[in-house]
Structure formats: structure tokens, C-alpha cells
$ cat target.cif   # mmCIF, C-alpha atoms
data_my_file
#
loop_
_atom_site.label_atom_id
_atom_site.label_comp_id
_atom_site.auth_asym_id
_atom_site.auth_seq_id
_atom_site.Cartn_x
_atom_site.Cartn_y
_atom_site.Cartn_z
CA MET A 1 -15.61 -12.68 -13.53
CA MET A 2 -12.08 -12.30 -12.32
CA ALA A 3 -12.31 -8.62 -13.19
CA ASP A 4 -15.16 -8.18 -10.70
CA ALA A 5 -13.16 -9.19 -7.64
CA HIS A 6 -11.10 -6.29 -6.31
CA PRO A 7 -7.43 -7.17 -5.96
CA THR A 8 -5.83 -6.67 -2.57
CA GLU A 9 -3.61 -3.68 -1.81
CA LEU A 10 -0.58 -5.94 -1.85
CA GLU A 11 -1.49 -7.19 -5.32
CA LEU A 12 -1.88 -3.65 -6.64
CA LEU A 13 1.51 -2.80 -5.17
CA ALA A 14 3.01 -5.92 -6.75
CA LEU A 15 1.49 -4.89 -10.08
CA VAL A 16 3.05 -1.44 -9.89
CA GLU A 17 6.39 -2.95 -8.85
CA ASP A 18 6.19 -5.44 -11.71
CA GLU A 19 6.36 -8.42 -9.38
CA LEU A 20 3.28 -10.30 -10.57
CA PRO A 21 3.40 -13.38 -12.79
CA GLY A 22 2.21 -12.70 -16.36
CA GLU A 23 -1.26 -14.24 -16.09
CA ARG A 24 -2.25 -12.42 -12.94
CA ARG A 25 -0.83 -9.20 -14.30
CA THR A 26 -3.02 -9.45 -17.39
CA ALA A 27 -6.09 -10.16 -15.25
CA LEU A 28 -5.40 -7.15 -13.04
CA ARG A 29 -4.82 -4.86 -16.00
CA ALA A 30 -8.20 -5.96 -17.33
CA HIS A 31 -9.78 -5.23 -13.95
CA LEU A 32 -8.31 -1.74 -13.92
CA GLU A 33 -10.01 -0.96 -17.24
CA THR A 34 -13.38 -1.30 -15.57
CA CYS A 35 -12.70 -0.29 -11.96
CA PRO A 36 -11.98 3.39 -11.33
CA ASP A 37 -11.26 2.73 -7.61
CA CYS A 38 -8.44 0.31 -8.31
CA ALA A 39 -7.20 2.36 -11.27
CA GLY A 40 -7.08 5.40 -8.97
CA ALA A 41 -5.15 3.43 -6.36
CA VAL A 42 -2.59 2.34 -8.94
CA ALA A 43 -2.28 5.89 -10.24
CA GLY A 44 -1.65 7.07 -6.67
CA LEU A 45 1.04 4.43 -6.12
CA GLU A 46 2.79 5.36 -9.34
CA ALA A 47 2.56 9.09 -8.66
CA GLY A 48 3.88 8.65 -5.11
CA ARG A 49 6.77 6.57 -6.34
CA ALA A 50 7.62 9.05 -9.12
CA ALA A 51 7.59 11.96 -6.68
CA LEU A 52 9.84 10.16 -4.19
CA GLN A 53 12.29 9.01 -6.82
CA ALA A 54 12.54 12.55 -8.15
CA ALA A 55 13.21 13.99 -4.67
CA PRO A 56 16.30 16.19 -4.81
CA ALA A 57 19.39 14.89 -3.02
CA VAL A 58 20.09 16.31 0.42
CA GLU A 59 23.80 16.83 0.96
CA PRO A 60 25.22 16.44 4.46
CA PRO A 61 26.82 19.57 5.89
CA GLN A 62 30.58 19.61 5.51
CA GLU A 63 31.27 19.83 9.21
CA LEU A 64 29.38 16.58 9.89
CA ARG A 65 32.32 14.43 8.84
CA ARG A 66 34.60 16.33 11.21
CA ARG A 67 32.10 15.99 14.05
CA ILE A 68 31.94 12.24 13.54
CA SER A 69 35.72 11.93 13.62
CA ALA A 70 35.85 14.04 16.77
CA ASP A 71 33.40 11.62 18.39
CA LEU A 72 35.53 8.67 17.42
CA ASP A 73 38.53 10.38 19.03
CA LEU A 74 36.70 10.36 22.34
CA HIS A 75 35.48 6.79 22.34
CA GLU A 76 37.25 3.49 21.93
CA PRO A 77 35.08 0.71 20.57
CA PRO A 78 34.75 -2.57 22.42
CA ARG A 79 37.31 -4.62 20.58
CA ARG A 80 36.79 -8.05 19.14
CA VAL A 81 39.92 -10.08 19.68
CA TYR A 82 41.24 -11.86 16.65
CA VAL A 83 42.47 -15.35 17.41
CA SER A 84 44.63 -16.98 14.79
CA PRO A 85 44.04 -20.68 14.05
CA MET A 86 47.37 -21.64 15.65
CA ARG A 87 46.64 -19.62 18.76
CA LEU A 88 43.22 -21.22 18.87
CA VAL A 89 44.76 -24.66 19.05
CA THR A 90 46.85 -23.57 22.04
CA LEU A 91 43.85 -21.96 23.72
CA LEU A 92 41.57 -24.90 23.22
CA ALA A 93 43.98 -27.66 24.16
CA PRO A 94 43.40 -27.41 27.95
CA LEU A 95 39.64 -27.20 27.41
CA THR A 96 39.73 -30.34 25.30
CA VAL A 97 41.60 -32.18 28.06
CA VAL A 98 39.06 -31.08 30.66
CA LEU A 99 36.15 -32.13 28.47
CA ALA A 100 37.78 -35.45 27.74
CA LEU A 101 38.14 -36.05 31.50
CA VAL A 102 34.52 -35.12 32.12
CA ALA A 103 33.44 -37.48 29.38
CA ALA A 104 35.62 -40.24 30.79
CA VAL A 105 34.09 -39.80 34.25
CA ALA A 106 30.63 -39.82 32.72
CA SER A 107 31.30 -43.08 30.92
CA ILE A 108 32.44 -44.65 34.19
CA ASP A 109 29.26 -43.45 35.92
CA PHE A 110 27.13 -45.04 33.29
CA GLY A 111 28.97 -48.29 33.86
CA GLY A 112 30.04 -48.60 30.23
CA ASP A 113 31.91 -51.84 29.61
CA ASP A 114 33.76 -50.70 26.52
CA SER A 115 37.19 -50.58 28.05
CA GLY A 116 40.10 -49.47 25.95
CA GLY A 117 39.88 -47.61 22.66
CA GLY A 118 36.19 -46.62 22.79
CA GLY A 119 36.79 -43.79 25.28
CA GLY A 120 38.16 -41.43 22.70
CA ARG A 121 35.08 -41.59 20.50
CA GLU A 122 32.74 -41.03 23.42
CA SER A 123 34.67 -38.03 24.58
CA ALA A 124 34.38 -36.51 21.14
CA GLN A 125 30.60 -36.87 21.33
CA ALA A 126 30.53 -35.31 24.78
CA GLU A 127 32.51 -32.36 23.47
CA ASP A 128 30.05 -31.86 20.68
CA SER A 129 27.10 -31.59 23.00
CA ALA A 130 28.91 -29.64 25.70
CA GLY A 131 30.28 -27.10 23.27
CA GLY A 132 26.87 -26.24 21.82
CA GLY A 133 28.00 -26.72 18.27
CA ALA A 134 31.09 -26.38 16.15
CA THR A 135 33.94 -26.12 18.58
CA GLN A 136 36.70 -28.34 19.63
CA PRO A 137 37.59 -31.20 17.31
CA GLU A 138 36.94 -29.28 14.08
CA ALA A 139 38.44 -26.07 15.36
CA ALA A 140 41.55 -27.78 16.62
CA SER A 141 42.18 -29.05 13.16
CA GLY A 142 42.36 -25.53 11.79
CA GLY A 143 38.88 -23.92 11.61
CA GLY A 144 39.61 -20.84 13.71
CA LYS A 145 36.68 -18.92 12.23
CA THR A 146 34.01 -20.17 14.56
CA LEU A 147 35.43 -18.76 17.72
CA GLU A 148 36.08 -15.41 16.14
CA GLU A 149 32.47 -15.31 14.98
CA ASP A 150 31.43 -16.38 18.43
CA GLN A 151 31.96 -14.37 21.53
CA VAL A 152 35.61 -13.68 22.20
CA THR A 153 35.14 -10.01 23.00
CA THR A 154 36.61 -7.76 25.57
CA GLU A 155 35.61 -4.34 26.74
CA ALA A 156 38.42 -1.89 26.15
CA LEU A 157 36.45 0.79 27.88
CA ASP A 158 36.57 2.92 31.00
CA SER A 159 38.25 0.79 33.62
CA GLY A 160 38.29 3.93 35.78
CA SER A 161 37.40 4.73 39.32
CA ASP A 162 33.94 4.75 40.83
CA ALA A 163 33.48 8.47 40.38
CA ALA A 164 34.66 10.40 37.38
CA VAL A 165 34.18 13.93 36.13
CA VAL A 166 32.69 13.30 32.75
CA VAL A 167 32.57 16.75 31.35
CA GLN A 168 32.33 20.41 32.31
CA VAL A 169 29.36 22.12 30.78
CA GLU A 170 27.59 25.43 30.78
CA GLY A 171 25.34 25.93 33.78
CA PRO A 172 23.38 26.59 35.73
CA PRO A 173 23.72 23.19 37.45
CA ARG A 174 19.96 23.00 38.02
CA LYS A 175 19.30 23.04 34.26
CA VAL A 176 21.97 20.45 33.54
CA ALA A 177 20.49 18.14 36.17
CA ALA A 178 16.98 18.70 34.77
CA LEU A 179 18.19 17.87 31.28
CA LEU A 180 19.81 14.65 32.44
CA ARG A 181 16.71 13.65 34.37
CA GLU A 182 14.73 14.13 31.14
CA PHE A 183 16.86 11.38 29.68
CA GLY A 184 16.23 9.09 32.63
CA PHE A 185 19.40 9.67 34.66
CA ASP A 186 19.41 9.99 38.42
CA ALA A 187 20.99 13.46 38.45
CA ARG A 188 21.17 15.92 41.34
CA VAL A 189 22.90 19.17 42.17
CA GLU A 190 25.36 18.78 45.04
CA GLY A 191 27.67 21.61 46.05
CA GLY A 192 27.72 23.29 42.64
CA ARG A 193 28.34 20.02 40.84
CA VAL A 194 25.91 17.75 39.07
CA VAL A 195 26.14 14.22 40.43
CA VAL A 196 24.75 11.34 38.39
CA ARG A 197 24.37 7.97 40.11
CA GLY A 198 24.22 4.49 38.69
CA ALA A 199 25.13 5.42 35.14
CA GLU A 200 27.96 4.89 32.72
CA PRO A 201 30.15 7.97 32.23
CA GLU A 202 30.09 7.48 28.47
CA ASP A 203 26.30 7.53 28.34
CA VAL A 204 26.16 10.73 30.34
CA ALA A 205 28.83 12.32 28.16
CA LEU A 206 26.88 11.30 25.08
CA GLU A 207 23.76 13.12 26.23
CA LEU A 208 25.69 16.25 27.17
CA ARG A 209 27.71 16.35 24.00
CA LYS A 210 25.66 19.13 22.48
CA ARG A 211 25.75 21.37 25.53
CA ALA A 212 28.23 24.23 25.47
CA PRO A 213 31.36 23.74 27.56
CA GLY A 214 31.37 25.64 30.85
CA ASP A 215 32.33 25.45 34.48
CA VAL A 216 29.78 23.03 35.92
CA PRO A 217 31.44 19.67 36.58
CA VAL A 218 29.29 16.65 35.96
CA VAL A 219 30.34 13.71 38.10
CA VAL A 220 29.21 10.16 37.53
CA GLU A 221 29.13 7.62 40.32
CA ARG A 222 28.60 4.08 39.22
CA SER A 223 26.28 1.88 41.25
CA PRO A 224 28.09 0.10 44.06
CA MET B 225 29.73 -12.17 8.39
CA SER B 226 27.94 -12.63 5.12
CA PRO B 227 30.45 -13.19 2.31
CA ARG B 228 28.31 -11.03 0.03
CA ASP B 229 28.52 -8.00 2.30
CA PRO B 230 30.59 -5.44 0.38
CA ASP B 231 31.56 -3.90 3.73
CA GLY B 232 32.65 -7.19 5.27
CA ASP B 233 36.43 -6.65 5.11
CA LEU B 234 36.29 -3.14 6.48
CA VAL B 235 33.92 -4.19 9.24
CA ARG B 236 36.19 -7.04 10.34
CA ARG B 237 39.17 -4.69 10.43
CA ALA B 238 37.18 -2.08 12.34
CA GLN B 239 36.09 -4.73 14.83
CA ARG B 240 39.74 -5.37 15.59
CA GLY B 241 40.14 -1.71 16.42
CA ASP B 242 41.22 -0.36 13.02
CA ARG B 243 39.96 3.19 13.23
CA LEU B 244 40.80 3.99 9.59
CA ALA B 245 38.68 1.10 8.39
CA PHE B 246 35.74 2.52 10.32
CA GLU B 247 36.41 6.00 8.90
CA ARG B 248 36.13 4.49 5.42
CA LEU B 249 32.81 2.97 6.37
CA VAL B 250 31.69 6.42 7.50
CA ASP B 251 32.75 7.87 4.14
CA ARG B 252 30.87 5.16 2.32
CA HIS B 253 27.60 5.48 4.18
CA GLN B 254 27.42 9.01 5.50
CA ALA B 255 25.52 10.51 2.55
CA ARG B 256 22.84 7.82 2.47
CA LEU B 257 22.39 7.91 6.24
CA PHE B 258 22.05 11.67 6.04
CA THR B 259 19.39 11.39 3.33
CA LEU B 260 17.51 8.87 5.44
CA ALA B 261 17.63 11.06 8.54
CA ALA B 262 16.94 14.33 6.71
CA ARG B 263 13.94 12.99 4.82
CA THR B 264 12.45 11.35 7.90
CA LEU B 265 13.09 14.30 10.22
CA GLY B 266 12.64 17.13 7.73
CA SER B 267 15.52 19.09 9.25
CA ARG B 268 19.18 19.28 8.25
CA ASP B 269 20.38 20.14 11.74
CA GLU B 270 18.47 17.32 13.38
CA ALA B 271 19.55 14.92 10.65
CA ALA B 272 23.20 15.83 11.21
CA ASP B 273 22.77 15.20 14.96
CA ALA B 274 21.05 11.87 14.28
CA VAL B 275 23.74 10.70 11.85
CA GLN B 276 26.48 11.74 14.24
CA ASP B 277 24.75 9.79 17.01
CA ALA B 278 24.26 6.81 14.71
CA PHE B 279 27.92 6.51 13.80
CA LEU B 280 28.98 6.90 17.40
CA ARG B 281 26.54 4.19 18.47
CA ALA B 282 27.75 1.94 15.65
CA TRP B 283 31.39 2.48 16.66
CA ARG B 284 30.69 1.75 20.29
CA ARG B 285 28.61 -1.33 19.54
CA LEU B 286 30.62 -2.65 16.66
CA ASP B 287 31.38 -5.88 18.49
CA ALA B 288 27.66 -6.60 18.61
CA PHE B 289 27.44 -6.70 14.81
CA ARG B 290 27.47 -10.39 13.89
CA GLY B 291 26.95 -10.11 10.17
CA ASP B 292 23.49 -11.72 10.13
CA ALA B 293 22.33 -8.76 8.04
CA LEU B 294 24.32 -6.48 5.78
CA PHE B 295 26.35 -3.87 7.62
CA SER B 296 24.46 -1.13 5.74
CA THR B 297 21.16 -2.58 7.00
CA TRP B 298 22.50 -2.60 10.55
CA LEU B 299 23.58 1.03 10.14
CA TYR B 300 20.19 2.07 8.75
CA ARG B 301 18.55 0.49 11.74
CA ILE B 302 20.75 2.41 14.14
CA CYS B 303 20.10 5.60 12.17
CA VAL B 304 16.33 5.12 12.19
CA ASN B 305 16.49 4.69 15.97
CA ALA B 306 18.72 7.75 16.35
CA ALA B 307 16.30 9.79 14.23
CA HIS B 308 13.41 8.53 16.33
CA ASP B 309 15.24 9.60 19.51
CA GLN B 310 15.92 12.96 17.92
CA ARG B 311 12.22 13.44 17.23
CA THR B 312 11.31 12.39 20.76
CA ARG B 313 13.85 14.85 22.09
CA ARG B 314 12.36 17.60 19.94
CA SER B 315 8.91 17.12 21.42
CA ALA B 316 10.18 16.59 24.97
CA GLU B 317 12.58 19.56 24.96
CA PRO B 318 12.03 21.14 28.37
CA ALA B 319 10.83 24.72 28.11
CA GLU B 320 13.53 25.97 30.47
CA LEU B 321 16.25 24.93 28.02
CA GLU B 322 14.95 27.09 25.21
CA ASP B 323 17.31 29.91 26.07
CA VAL B 324 20.39 27.80 25.29
CA THR B 325 20.39 29.01 21.69
CA ALA B 326 20.00 32.69 20.99
CA ASP B 327 17.03 32.38 18.68
CA PRO B 328 15.96 28.75 18.45
CA ARG B 329 12.92 29.33 16.25
CA ASP B 330 14.92 31.07 13.51
CA ARG B 331 17.61 28.44 13.70
CA PHE B 332 15.02 25.68 13.44
CA ALA B 333 13.27 27.26 10.45
CA GLU B 334 16.55 27.78 8.66
CA SER B 335 17.49 24.14 8.80
CA GLN B 336 14.11 22.81 7.60
CA LEU B 337 13.94 21.14 4.22
CA SER B 338 11.47 23.20 2.27
CA ASP B 339 10.92 21.35 -1.01
CA GLU B 340 7.46 20.22 -2.00
CA ILE B 341 8.14 16.54 -1.50
CA GLN B 342 9.29 17.20 2.08
CA ALA B 343 6.09 19.05 2.88
CA ALA B 344 4.18 15.97 1.72
CA LEU B 345 6.50 13.57 3.57
CA ASP B 346 6.05 15.53 6.79
CA GLY B 347 2.33 14.77 6.59
CA LEU B 348 2.86 11.00 6.72
CA ASP B 349 3.06 9.12 9.94
CA GLU B 350 6.55 8.21 11.06
CA ALA B 351 6.36 4.52 10.17
CA GLN B 352 5.10 5.18 6.62
CA ARG B 353 7.68 7.90 6.10
CA GLU B 354 10.53 5.57 7.08
CA VAL B 355 9.35 2.91 4.66
CA VAL B 356 8.83 5.17 1.62
CA VAL B 357 12.19 6.85 2.16
CA LEU B 358 13.99 3.52 2.51
CA TYR B 359 12.25 1.95 -0.48
CA ASP B 360 11.76 4.72 -3.00
CA ILE B 361 14.61 7.10 -2.18
CA LEU B 362 17.31 4.73 -0.92
CA GLY B 363 16.29 1.69 -2.98
CA CYS B 364 16.26 -0.84 -0.12
CA SER B 365 14.45 -4.17 -0.59
CA TYR B 366 11.38 -5.23 1.39
CA ALA B 367 13.53 -7.71 3.31
CA GLU B 368 16.09 -5.04 4.25
CA ILE B 369 13.36 -2.65 5.36
CA ALA B 370 11.79 -5.39 7.45
CA GLU B 371 15.20 -5.80 9.19
CA VAL B 372 15.65 -2.06 9.63
CA THR B 373 12.20 -1.36 11.01
CA GLY B 374 11.69 -4.64 12.86
CA VAL B 375 8.34 -5.51 11.26
CA ALA B 376 7.23 -8.23 8.84
CA GLU B 377 7.60 -7.78 5.09
CA GLY B 378 3.81 -7.71 4.68
CA THR B 379 3.66 -4.74 7.04
CA VAL B 380 6.42 -3.02 5.07
CA LYS B 381 4.41 -3.41 1.86
CA SER B 382 1.25 -2.19 3.49
CA ARG B 383 3.06 0.90 4.81
CA LEU B 384 4.55 1.50 1.39
CA PHE B 385 1.09 1.31 -0.20
CA ARG B 386 -0.44 3.73 2.26
CA GLY B 387 2.57 6.03 2.40
CA ARG B 388 2.79 6.44 -1.37
CA THR B 389 -0.96 6.89 -1.72
CA GLU B 390 -1.10 9.54 0.98
CA LEU B 391 1.93 11.29 -0.47
CA ALA B 392 0.33 11.45 -3.91
CA ARG B 393 -2.86 12.79 -2.36
CA ARG B 394 -0.93 15.53 -0.57
CA LEU B 395 0.92 16.43 -3.75
CA GLY B 396 -2.34 16.51 -5.69
CA THR B 397 -1.05 13.94 -8.16
CA ALA B 398 -3.28 11.02 -7.21
CA GLY B 399 -5.93 9.53 -9.49
CA GLY B 400 -9.18 11.48 -10.02
CA ARG B 401 -11.11 9.93 -7.16
CA ALA B 402 -8.39 10.51 -4.57
CA GLU B 403 -7.92 14.14 -5.66
CA SER B 404 -11.55 14.93 -5.10
CA ASP B 405 -11.09 13.90 -1.44
CA THR B 406 -8.88 16.87 -0.70
#

$ encode --input "target.cif" --output "C-alpha cells"
Amino acid sequence: MMADAHPTELELLALVEDELPGERRTALRAHLETCPDCAGAVAGLEAGRAALQAAPAVEPPQELRRRISADLDLHEPPRRVYVSPMRLVTLLAPLTVVLALVAAVASIDFGGDDSGGGGGRESAQAEDSAGGGATQPEAASGGGKTLEEDQVTTEALDSGSDAAVVVQVEGPPRKVAALLREFGFDARVEGGRVVVRGAEPEDVALELRKRAPGDVPVVVERSP
Amino acid sequence: MSPRDPDGDLVRRAQRGDRLAFERLVDRHQARLFTLAARTLGSRDEAADAVQDAFLRAWRRLDAFRGDALFSTWLYRICVNAAHDQRTRRSAEPAELEDVTADPRDRFAESQLSDEIQAALDGLDEAQREVVVLYDILGCSYAEIAEVTGVAEGTVKSRLFRGRTELARRLGTAGGRAESDT
């Protein structure tokens, strides 16, 4: 009875990958004895797997490692700033004061009659909701991890002028501009140079990396 | 960052600008990334370009890596995208640029992987090829492949089923019924 119902593709795959519980596995094996379609599918899965696992290794060319390092030479990564727990306390102290003030004002607005010591507790609650999660009170007592995991990042990239010669490549300029337009850049030939507007110099340089060096300057003007 | 990520320490150091830490990550992952790109693109030259692009993209976007997935999974994802871009570039190469290389056709043929398994892989569609390479050649889990390719695990399994079956058919090693289809 069970053997008459065809198993799904996913079940046949699970059988081949030995991921089925014992009972179901036995039932499927029994089904395969009498069903050439499913037996053929399993044979195909096993043969495909065997062929892929026996595929010879493909070694990277030796110069690839050097090319990667050369790329890294040209580009600085955006750097995540590490903030030590002690530094974090100093950084967060003013924020805590501000939040405490906001919370105090809020408690006045709501006409709370708990004068005196209750203010501190309320401000802690306000901080929790304002900070969107684990921030001030816990962090100030030494858990500097959260902020580092969060979003203290800074771009250490191209703080340059509005127009920069990115690279000098082999011409003619018309072909360089056509190539850049293929990749979606607004690129035009102007006075023997290729001018790209509204793009990041690094992105343009990335696309032109494989072009031979030459005497056509490519200039990038960022959007105003 | 997941505490179980074997690359976690190096990634954290690299995120603080430690270039040597990133270079070690390159050493660790270069060969597997190259296999992934070469087996999905079928060309050594294009694979080298894709892997070079992938590491540059990873370096430049390192601050965006939050450690929700393993670093290797994140890298595979970038590499799969770089390989995809490479393939798009291949088909969109403007005719007027063909003269950049002296003899592009020869150069292209020379860099092609010519083993039997590659010929069969080349016949799969791109999505199936990515999955079978990640699962059967690189040994990734369904969950990792789902992360890398951005689809559900069920879809990964379905692609694996179809990819392997088609591959066996192309190699002539499938069960009797499938062979008679050829």
C-alpha cells in the first residue's frame, strides 16, 4: 500500500542523503524494488553525486594571489572603529544625561506625583525604549560589545575633491566611454578625456581595472 | 559575530583595518572560491577575475559583515554574485571591444575547463549549477546554500535534485529509463 504511493523528489533526495528516519527509509527502499521510475531517479541522484564528488580539483593560477594583494593596495576598507569598554563609558555618559533629562521632562508632562527617588527608575525605562535595545545602563557597566556590533563605522575613503582623474587607460576615448556606459555609468568624451558624472571614483576604477593602461584620462565628477 | 565562526578573530581584526588579517582570510578561502567560480563559469580566466572581484568587494564592504552568517558563507555569496556579473559581462561584451585582446577566441578556448564533468555542468542552468557545486563539490549545507543563493532550503533541495539528475543524464550514468531519453 505504502509502496504504491510515489515518494516526493525531496524524499528521494533525503533517502540518498541518508536523512530519513529508519521506518520511512525501509518503506521507500521497498517501494524502489517495485518502481523503476523512482529507482531510476535514485540511481540518477547517486550517479550525479558520485560524478561531482570525483570532479578533479581546479587550482587557482599563481598570479591570482598577487592580483588580489595589488587590489588591496589600491583600496582602503571602510573601517569599523573599535571602542574599548572604558572609552564607551566616557562616550555614553553625556548621552545618558540627555536621556535622563528627557525622561524627567516626560514624567513632569504626565503629571506624575512620585516626587523624589522614583525619577531614576523611570529614566532607566525611558532609556531602554529610546535606545532600541541593549544600550546605556548595561553598556555603562562594562558591556562594550553591543556598540561595536552595532553601527560605529566610519568611511575612511576618498574624501577628495569633486572631480578626480581615476585612471589613465588605453583609448580611444570613444570605446572607453562606451564600455562605461555598458556598465550603467553616465560617461562622455569631452576634449580627449572621458568624463563620468554622478559616480564614485572607486566604482569607475573597478570597472576599468582590466583595461590596459594608456593615455586617456578618465575623470569622475560626483553629483553636486 | 558567531562564536563558532572559525574566521571570527581574523574578521574582527580585518574590520579594524588589519590588512594582514585579511590577507590570511584570502589565503584560507582563495582555493575554494576559485573552485566555486571555475566550476560555475567553466573558465579559469573568468574565474580568476570573479575571485579577484569578490575579494575586493569583500574588503571594501567588510564593515557590512555583521556575523549573522559564517564569514565563508558571506564570501561565497559575494563570489556567486561576482561570477554572475562575469557571465553577464561575457554575454554583453560590446562587439567593438573585441579587438582589445589580440586573439580573444584562442585565449578563451585555452582557459576553458575541458574535463567531462565540466561539459555536463555547463549544460545545467545557472541556479542548478551553483547548488550542485556548493553542495557536492564544496560540501556546504542546505542552510548555507540557502544563505548564499538567497532562496529557501526547499528550493535548494529541488535544484540539487534536478541538477544532479540532469548531470547524470548528460554523463550517461543515469538509471536505465533516464538513459533511454538521450

$ resolve_selection --input "target.cif" --expression "the PyMOL selection byres ((chain A and resi 194-203) around 7)" --output "list in words"
Val166, Pro173, Ala177, Phe185, Asp186, Ala187, Arg188, Val189, Glu190, Gly192, Arg193, Val204, Ala205, Leu206, Glu207, Pro217, Val218, Val219, Val220, Glu221, Arg222 and Ser223 of chain A

$ closest_atom_pairs --input "target.cif" --of "chain B" --to "chain A" --cutoff "6 Å" --atoms "all atoms listed in the file" --output "Markdown table"
| residue | atom | partner | partner_atom | distance |
| --- | --- | --- | --- | --- |
| B:Gln239 | CA | A:Arg80 | CA | 5.5 |
| B:Arg240 | CA | A:Arg80 | CA | 5.3 |
| B:Gly241 | CA | A:Arg79 | CA | 5.8 |
| B:Phe258 | CA | A:Pro60 | CA | 5.9 |
| B:Thr259 | CA | A:Val58 | CA | 5.8 |
| B:Gln276 | CA | A:Ile68 | CA | 5.5 |
| B:Trp283 | CA | A:Pro77 | CA | 5.7 |
| B:Arg284 | CA | A:Pro77 | CA | 4.5 |
| B:Asp287 | CA | A:Arg80 | CA | 5.9 |
| B:Asp360 | CA | A:Gln53 | CA | 5.8 |
| B:Ile361 | CA | A:Gln53 | CA | 5.5 |
| B:Arg388 | CA | A:Gly48 | CA | 4.5 |
| B:Thr389 | CA | A:Gly44 | CA | 5.0 |
| B:Leu391 | CA | A:Gly48 | CA | 5.7 |
| B:Ala392 | CA | A:Gly48 | CA | 4.7 |
| B:Ala398 | CA | A:Gly44 | CA | 4.3 |
| B:Gly399 | CA | A:Gly40 | CA | 4.3 |

$ resolve_selection --input "target.cif" --expression "the PyMOL selection byres ((chain B and resi 252) around 12)" --output "PyMOL selection string"
(chain A and resi 65) or (chain B and resi 230-231+234+245-251+253-258+279+295-296+299)

$ write_last_selection --input "target.cif" --atoms "C-alpha atoms" --output "compact mmCIF listing (two decimals), in the frame of the given file"
# COMPACT_ATOMS: atom_id res chain seq x y z
CA ARG A 65 32.32 14.43 8.84
CA PRO B 230 30.59 -5.44 0.38
CA ASP B 231 31.56 -3.90 3.73
CA LEU B 234 36.29 -3.14 6.48
CA ALA B 245 38.68 1.10 8.39
CA PHE B 246 35.74 2.52 10.32
CA GLU B 247 36.41 6.00 8.90
CA ARG B 248 36.13 4.49 5.42
CA LEU B 249 32.81 2.97 6.37
CA VAL B 250 31.69 6.42 7.50
CA ASP B 251 32.75 7.87 4.14
CA HIS B 253 27.60 5.48 4.18
CA GLN B 254 27.42 9.01 5.50
CA ALA B 255 25.52 10.51 2.55
CA ARG B 256 22.84 7.82 2.47
CA LEU B 257 22.39 7.91 6.24
CA PHE B 258 22.05 11.67 6.04
CA PHE B 279 27.92 6.51 13.80
CA PHE B 295 26.35 -3.87 7.62
CA SER B 296 24.46 -1.13 5.74
CA LEU B 299 23.58 1.03 10.14

$ residues_around --input "target.cif" --residues "region 366-382 of chain B" --least-positions-apart "5" --cutoff "9 Å" --atoms "all atoms listed in the file" --output "list in words"
Glu9, Leu10 and Leu13 of chain A; Ala293, Leu294, Thr297, Trp298, Leu299, Tyr300, Arg301, Ile302, Val304, Asn305, Ala351, Gln352, Glu354, Val355, Leu358, Tyr359 and Gly387 of chain B

$ atom_distance --input "target.cif" --atom1 "CA of Ile341 (chain B)" --atom2 "CA of Arg383 (chain B)"
17.6 Å

$ closest_residue --input "target.cif" --among "B:Arg311, B:Arg243, B:Arg281, B:Arg353" --to "Asp269 (chain B)" --atoms "all atoms listed in the file"
B:Arg311

$ atom_distance --input "target.cif" --atom1 "CA of Ala271 (chain B)" --atom2 "CA of Gly291 (chain B)"
26.1 Å

$ atom_distance --input "target.cif" --atom1 "CA of Asp242 (chain B)" --atom2 "CA of Ala278 (chain B)"
18.5 Å

$ axis_aligned_box --input "target.cif" --around "region 359-374 of chain B" --padding-each-side "4 Å" --output "AutoDock Vina command-line options"
--center_x 14.3 --center_y -0.3 --center_z 4.9 --size_x 13.9 --size_y 22.8 --size_z 23.9
